[in-house]
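Notes follow once the structure below has been shown.
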Amino acid sequence: MQLTLKVTFEDTAHTVTTNMMTIVMWERKYKRKASQMSDGIGMEDLAFMAYEASRAQGITVPALLDDYIKQIKSLEVVDTNDPKVGAVHTATD
């Protein structure tokens, strides 16, 4: 599962993509499984993933998640990649 998120601030915007570690960190923090995302997730969930994905991609963010959230003007999911369970993927996929 990967999400591509567009985060807009007052004077800038960036697009980040979650990775396996971002999703695992979300599962640990919120005590949910990635498979439950299809049931719906909230804005705090998306903000957390954007925050951690930004950090992983070398984008400077505040030390506290709440300070990051306070700076966000808008946050949207622009793409999802959810491989089917049990699908076989090869190196050429």
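Numbering starts fresh at 1 for the residues of each chain in the structure tokens, the chains themselves are lettered A, B, ... in the order given, and ligands are numbered from 1 as they appear.
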Write out as a list of chain:residue names which residues come within 12 Å of region 64-69 of chain A when counting only C-alpha atoms, dropping same-chain ones fewer than 5 positions away.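 The residues that qualify are A:Val7, A:Thr8, A:Phe9, A:Met43, A:Glu44, A:Asp45, A:Leu46, A:Ala47, A:Phe48, A:Met49, A:Ala50, A:Tyr51, A:Glu52, A:Ser54, A:Arg55, A:Ile59, A:Ser74, A:Leu75.
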Quick one: DSSP alpha helix (DSSP H) residues in region 10-85 of chain A, as a PyMOL selection string? chain A and resi 20-30+43-56+65-71
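Taking chain A and asking which residues DSSP calls strand (DSSP E) on the backbone, you get Gln2, Leu3, Thr4, Leu5, Lys6, Val7, Thr8, Phe9, Ala13, His14, Thr15, Val16, Thr17, Ile72, Lys73, Ser74, Leu75, Glu76, Val77, Val78, Asp79, Thr80 and Asn81 of chain A.
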Best match for closeness to Trp26 (chain A) among A:Ile72, A:Ala53, A:Ala13, A:Thr4, counting only C-alpha atoms: A:Ala53
What separation in Å, quoted to one decimal, exists between CA of Thr12 (chain A) and CA of Asp79 (chain A)?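 According to the coordinates, CA of Thr12 (chain A) and CA of Asp79 (chain A) are separated by 19.9 Å.
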Counting only C-alpha atoms, the residue of A:Ala34, A:Ala56, A:Val16, A:Ile41 that sits nearest Leu3 (chain A): A:Val16
Would you mind telling me which residue in A:Glu76, A:Asp11, A:Gln2, A:Gln71 lies nearest to Val24 (chain A) when using only C-alpha atoms?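 That would be A:Gln2, the residue with the smallest distance to Val24 (chain A).
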Distance CA of Lys73 (chain A)-CA of Thr60 (chain A), one decimal place?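 A separation of 16.8 Å between them.
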Please, what distance in Å, to one decimal, runs between CA of Val78 (chain A) and CA of Leu5 (chain A)?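 Going from CA of Val78 (chain A) over to CA of Leu5 (chain A), I get 5.7 Å.
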Counting only C-alpha atoms, the option among A:Val61, A:Arg32, A:Gly42, A:Met1 closest to Thr17 (chain A): A:Met1
Nearest to Asn81 (chain A): which of A:Gln36, A:Tyr30, A:Met20, A:Ala63 is it, counting only C-alpha atoms?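 Once distances to Asn81 (chain A) are computed over only C-alpha atoms, the minimum belongs to A:Met20.
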